>>> print(open('query-v7.txt').read())   # compact mmCIF, C-alpha atoms
# COMPACT_ATOMS: atom_id res chain seq x y z
CA MET B 1 51.73 6.32 -3.14
CA LYS B 2 51.39 9.86 -4.49
CA ILE B 3 48.31 10.48 -2.33
CA SER B 4 50.06 9.36 0.87
CA THR B 5 53.03 11.59 0.04
CA LEU B 6 50.71 14.53 -0.58
CA LEU B 7 48.85 13.93 2.70
CA LEU B 8 52.10 13.65 4.64
CA THR B 9 53.39 16.87 3.08
CA LEU B 10 50.17 18.75 3.85
CA THR B 11 50.22 17.48 7.43
CA LEU B 12 53.83 18.54 7.98
CA ILE B 13 53.26 21.95 6.42
CA SER B 14 50.06 22.70 8.29
CA ALA B 15 50.91 21.20 11.70
CA PRO B 16 52.75 24.28 13.04
CA ALA B 17 49.91 26.54 11.90
CA PHE B 18 47.27 24.40 13.62
CA ALA B 19 49.33 24.34 16.82
CA ALA B 20 49.44 28.15 16.80
CA GLU B 21 45.64 28.58 16.76
CA GLU B 22 44.61 31.06 19.43
CA PRO B 23 41.67 30.46 21.75
CA LEU B 24 38.53 31.82 20.14
CA ALA B 25 36.33 32.21 23.22
CA ASP B 26 37.57 35.77 23.82
CA ARG B 27 36.68 36.95 20.31
CA PRO B 28 33.55 39.15 19.98
CA GLY B 29 31.88 36.81 17.45
CA TYR B 30 32.31 33.57 19.42
CA VAL B 31 29.30 31.67 20.79
CA ASP B 32 29.65 28.59 23.00
CA PHE B 33 26.99 25.93 22.48
CA SER B 34 28.96 22.89 23.60
CA SER B 35 26.81 22.17 26.68
CA LEU B 36 24.22 20.30 24.59
CA SER B 37 26.53 17.29 24.55
CA GLY B 38 25.58 16.72 28.19
CA ASP B 39 21.92 16.33 27.19
CA TYR B 40 22.14 14.69 23.77
CA GLY B 41 25.57 13.05 23.68
CA GLN B 42 28.04 13.79 20.95
CA PRO B 43 26.76 15.78 17.96
CA ARG B 44 25.51 13.69 15.03
CA VAL B 45 27.35 16.15 12.78
CA MET B 46 30.27 18.25 13.97
CA ILE B 47 32.22 20.55 11.69
CA ASP B 48 34.99 22.61 13.25
CA LEU B 49 37.08 24.56 10.78
CA GLY B 50 39.80 26.75 12.30
CA SER B 51 41.56 29.73 10.79
CA SER B 52 44.49 27.67 9.49
CA LEU B 53 42.29 25.37 7.45
CA LEU B 54 40.12 28.27 6.28
CA THR B 55 43.25 30.15 5.19
CA LEU B 56 44.41 27.05 3.32
CA ILE B 57 41.01 26.80 1.60
CA SER B 58 41.13 30.50 0.70
CA HIS B 59 44.31 29.88 -1.28
CA PHE B 60 42.50 27.55 -3.67
CA LYS B 61 41.31 29.18 -6.86
CA HIS B 62 37.89 30.80 -6.48
CA ASP B 63 35.64 32.35 -9.11
CA ASP B 64 34.82 35.26 -6.81
CA PRO B 65 37.74 37.27 -5.35
CA MET B 66 35.42 38.75 -2.67
CA ALA B 67 34.50 35.28 -1.46
CA GLN B 68 38.17 34.35 -1.41
CA GLU B 69 39.02 37.42 0.70
CA ALA B 70 36.11 36.73 3.07
CA LEU B 71 37.43 33.19 3.60
CA ARG B 72 40.84 34.61 4.49
CA ASN B 73 39.23 36.73 7.21
CA LEU B 74 37.27 33.90 8.83
CA GLU B 75 38.69 32.45 12.02
CA SER B 76 36.28 29.61 12.65
CA ILE B 77 33.21 27.85 11.33
CA ARG B 78 31.57 25.52 13.83
CA VAL B 79 28.48 23.43 13.13
CA HIS B 80 26.93 21.08 15.69
CA VAL B 81 23.86 18.99 14.88
CA TYR B 82 22.24 16.95 17.67
CA ASN B 83 19.45 14.39 17.45
CA THR B 84 16.61 15.58 19.69
CA ALA B 85 14.46 12.44 19.29
CA GLY B 86 11.41 14.56 20.10
CA ASP B 87 12.88 15.99 23.32
CA THR B 88 13.50 19.64 22.46
CA THR B 89 13.43 20.95 26.06
CA PRO B 90 17.24 21.02 26.61
CA ALA B 91 17.91 22.53 23.17
CA ASN B 92 15.19 25.16 23.58
CA ALA B 93 16.51 26.03 27.05
CA ARG B 94 20.05 26.40 25.66
CA MET B 95 18.71 28.48 22.78
CA THR B 96 16.93 30.80 25.25
CA ALA B 97 20.10 31.16 27.36
CA ILE B 98 22.19 31.93 24.26
CA ASN B 99 19.58 34.46 23.07
CA GLU B 100 19.77 36.30 26.42
CA SER B 101 23.56 36.23 26.38
CA LEU B 102 23.80 37.50 22.79
CA GLN B 103 21.36 40.33 23.44
CA ALA B 104 23.37 41.37 26.52
CA LEU B 105 26.50 41.41 24.33
CA GLU B 106 24.72 43.62 21.76
CA TRP B 107 24.31 41.06 19.02
CA GLU B 108 21.55 41.93 16.56
CA GLN B 109 18.79 39.39 16.00
CA ILE B 110 18.05 39.33 12.27
CA VAL B 111 15.72 36.30 12.07
CA ARG B 112 13.27 34.85 14.60
CA VAL B 113 10.85 32.06 13.71
CA ARG B 114 8.47 30.52 16.22
CA GLU B 115 6.31 27.77 14.80
CA THR B 116 4.56 24.97 16.65
CA ASP B 117 7.21 22.45 15.62
CA GLN B 118 10.32 24.59 15.12
CA GLN B 119 12.28 27.57 16.38
CA VAL B 120 14.94 29.46 14.43
CA ASP B 121 17.10 32.39 15.54
CA ILE B 122 19.86 34.11 13.58
CA TYR B 123 22.10 36.72 15.18
CA ILE B 124 24.89 38.90 13.82
CA LYS B 125 27.66 40.64 15.75
CA TYR B 126 28.46 43.85 13.93
CA GLY B 127 30.71 46.75 14.90
CA ASP B 128 33.09 49.26 13.32
CA ASN B 129 31.65 48.39 9.87
CA ILE B 130 32.81 44.79 10.28
CA VAL B 131 30.85 41.58 10.83
CA HIS B 132 32.53 39.79 13.75
CA GLY B 133 30.25 36.79 13.94
CA LEU B 134 27.09 35.07 12.77
CA THR B 135 25.13 32.51 14.78
CA VAL B 136 22.28 30.31 13.59
CA MET B 137 20.22 28.19 15.97
CA ALA B 138 17.39 25.93 14.78
CA VAL B 139 15.48 23.37 16.85
CA ASP B 140 12.73 20.97 15.81
CA GLU B 141 11.46 17.54 16.84
CA GLU B 142 14.25 15.76 14.93
CA GLU B 143 17.36 17.85 15.52
CA ALA B 144 18.99 20.89 17.04
CA VAL B 145 21.41 22.78 14.78
CA PHE B 146 23.85 25.34 16.17
CA ILE B 147 26.21 27.23 13.83
CA ASN B 148 28.78 29.88 14.71
CA ILE B 149 30.85 31.68 12.08
CA LEU B 150 33.63 33.81 13.54
CA GLY B 151 35.86 36.34 11.83
CA ASP B 152 36.18 39.96 10.85
CA VAL B 153 34.49 40.24 7.48
CA ASP B 154 33.60 43.36 5.54
CA PRO B 155 29.82 43.30 4.89
CA GLU B 156 30.48 43.87 1.19
CA GLN B 157 32.59 40.69 1.11
CA LEU B 158 29.91 38.84 3.05
CA ALA B 159 27.31 39.86 0.48
CA GLY B 160 29.58 38.46 -2.22
CA VAL B 161 29.78 35.13 -0.39
CA VAL B 162 26.06 34.92 0.42
CA LYS B 163 25.02 35.34 -3.20
CA HIS B 164 26.91 32.10 -4.00
CA VAL B 165 25.47 30.10 -1.10
CA ASP B 166 22.17 28.26 -1.33
CA VAL B 167 20.67 28.31 2.16
CA ASP B 168 17.47 26.40 2.85
CA LEU B 169 16.15 26.86 6.38
CA ASP B 170 13.01 24.91 5.48
CA VAL B 171 10.78 27.59 7.00
CA ASP B 172 7.16 27.91 5.88
CA MET B 173 6.91 31.55 4.80
CA ALA B 174 3.22 31.43 3.87
CA LEU B 175 1.18 34.35 5.14
CA HIS B 176 -1.43 33.42 7.69
CA THR B 177 -4.54 35.60 7.63
CA PRO B 178 -7.10 35.62 10.43
>>> encode(input="query-v7.txt", output="structure tokens")
Amino acid sequence: MKISTLLLTLTLISAPAFAAEEPLADRPGYVDFSSLSGDYGQPRVMIDLGSSLLTLISHFKHDDPMAQEALRNLESIRVHVYNTAGDTTPANARMTAINESLQALEWEQIVRVRETDQQVDIYIKYGDNIVHGLTVMAVDEEEAVFINILGDVDPEQLAGVVKHVDVDLDVDMALHTP
């Protein structure tokens, strides 16, 4: 009974905030990768956290005040994971189109991996000493992963968050000598 009361209270408190969410597509850090649903169906994993939920999360107690402040400044975290079932052509084509679009919009590519069985690109949108967005795209024979983090975050805060996050891109970093 207490749990249902808590859930009802949270829903009633947060409903007006969720209704007030502004469209994100006009923000400088936004990247649209929704067209893959036409090729692969619905994402196997879809995470879509808006600013209201991120603000709510930022109010929880955190060990790192910088991470807490960075969470307050985030507007959206979107993660879409599609099963490719060995057919990477649509995902690679979408990745190429997004790469061209991001470069035209002056995003900075910070990681590019091209292996026989996988491709990874990471871009950052940076301006006026603020990170406006981060996009990660990774495609292999099993899945296509597209991540977009949107918000105006001070790079110092971002560094504070990153040091607490364990990211494994599963990329072979061995040096290949001729």
>>> residues_around(input="query-v7.txt", residues="Ile147 (chain B)", least_positions_apart="2", cutoff="8 Å", atoms="all atoms listed in the file", output="VMD selection string")
chain B and resid 77 to 80 134 to 137 145 149
>>> residues_around(input="query-v7.txt", residues="Ala93 (chain B)", least_positions_apart="6", cutoff="12 Å", atoms="only C-alpha atoms", output="VMD selection string")
chain B and resid 33 35 to 36 39 87 99 to 100 119 137 139 144
>>> atom_distance(input="query-v7.txt", atom1="CA of Gly41 (chain B)", atom2="CA of Thr89 (chain B)")
14.7 Å
>>> closest_residue(input="query-v7.txt", among="B:Glu143, B:Asp32, B:Asp48, B:Glu69", to="Asp117 (chain B)", atoms="all atoms listed in the file")
B:Glu143
>>> atom_distance(input="query-v7.txt", atom1="CA of Pro43 (chain B)", atom2="CA of Glu115 (chain B)")
23.9 Å
>>> closest_residue(input="query-v7.txt", among="B:Phe146, B:Met66, B:Lys125, B:Val45", to="Asn92 (chain B)", atoms="all atoms listed in the file")
B:Phe146
>>> atom_distance(input="query-v7.txt", atom1="CA of Gly38 (chain B)", atom2="CA of Gly133 (chain B)")
25.1 Å
>>> residues_near_point(input="query-v7.txt", point="(31.0, 39.1, 8.0)", cutoff="7 Å", atoms="all atoms listed in the file", output="PyMOL selection string")
chain B and resi 130-133+151-155+158
>>> write_last_selection(input="query-v7.txt", atoms="C-alpha atoms", output="PDB file, in the coordinates of the input")
ATOM      1  CA  ILE B 130      32.810  44.790  10.280  1.00  0.00           C
ATOM      2  CA  VAL B 131      30.850  41.580  10.830  1.00  0.00           C
ATOM      3  CA  HIS B 132      32.530  39.790  13.750  1.00  0.00           C
ATOM      4  CA  GLY B 133      30.250  36.790  13.940  1.00  0.00           C
ATOM      5  CA  GLY B 151      35.860  36.340  11.830  1.00  0.00           C
ATOM      6  CA  ASP B 152      36.180  39.960  10.850  1.00  0.00           C
ATOM      7  CA  VAL B 153      34.490  40.240   7.480  1.00  0.00           C
ATOM      8  CA  ASP B 154      33.600  43.360   5.540  1.00  0.00           C
ATOM      9  CA  PRO B 155      29.820  43.300   4.890  1.00  0.00           C
ATOM     10  CA  LEU B 158      29.910  38.840   3.050  1.00  0.00           C
TER      11      LEU B 158
END
>>> closest_residue(input="query-v7.txt", among="B:Leu56, B:Ala138, B:Leu24, B:Met46", to="Val113 (chain B)", atoms="all atoms listed in the file")
B:Ala138
>>> closest_residue(input="query-v7.txt", among="B:His59, B:Arg27, B:Arg114, B:Arg44", to="Glu75 (chain B)", atoms="only C-alpha atoms")
B:Arg27
>>> closest_residue(input="query-v7.txt", among="B:Asp26, B:Ser101, B:Thr116, B:Ser76", to="Asp140 (chain B)", atoms="only C-alpha atoms")
B:Thr116
>>> closest_residue(input="query-v7.txt", among="B:Leu49, B:Val120, B:Ala85, B:Ala104", to="Glu141 (chain B)", atoms="only C-alpha atoms")
B:Ala85
>>> residues_around(input="query-v7.txt", residues="Phe60 (chain B)", least_positions_apart="5", cutoff="12 Å", atoms="all atoms listed in the file", output="number ranges by chain")
B: 53-55, 65, 67-69, 71-72
>>> write_last_selection(input="query-v7.txt", atoms="C-alpha atoms", output="compact mmCIF listing (two decimals), in the coordinates of the input")
# COMPACT_ATOMS: atom_id res chain seq x y z
CA LEU B 53 42.29 25.37 7.45
CA LEU B 54 40.12 28.27 6.28
CA THR B 55 43.25 30.15 5.19
CA PRO B 65 37.74 37.27 -5.35
CA ALA B 67 34.50 35.28 -1.46
CA GLN B 68 38.17 34.35 -1.41
CA GLU B 69 39.02 37.42 0.70
CA LEU B 71 37.43 33.19 3.60
CA ARG B 72 40.84 34.61 4.49
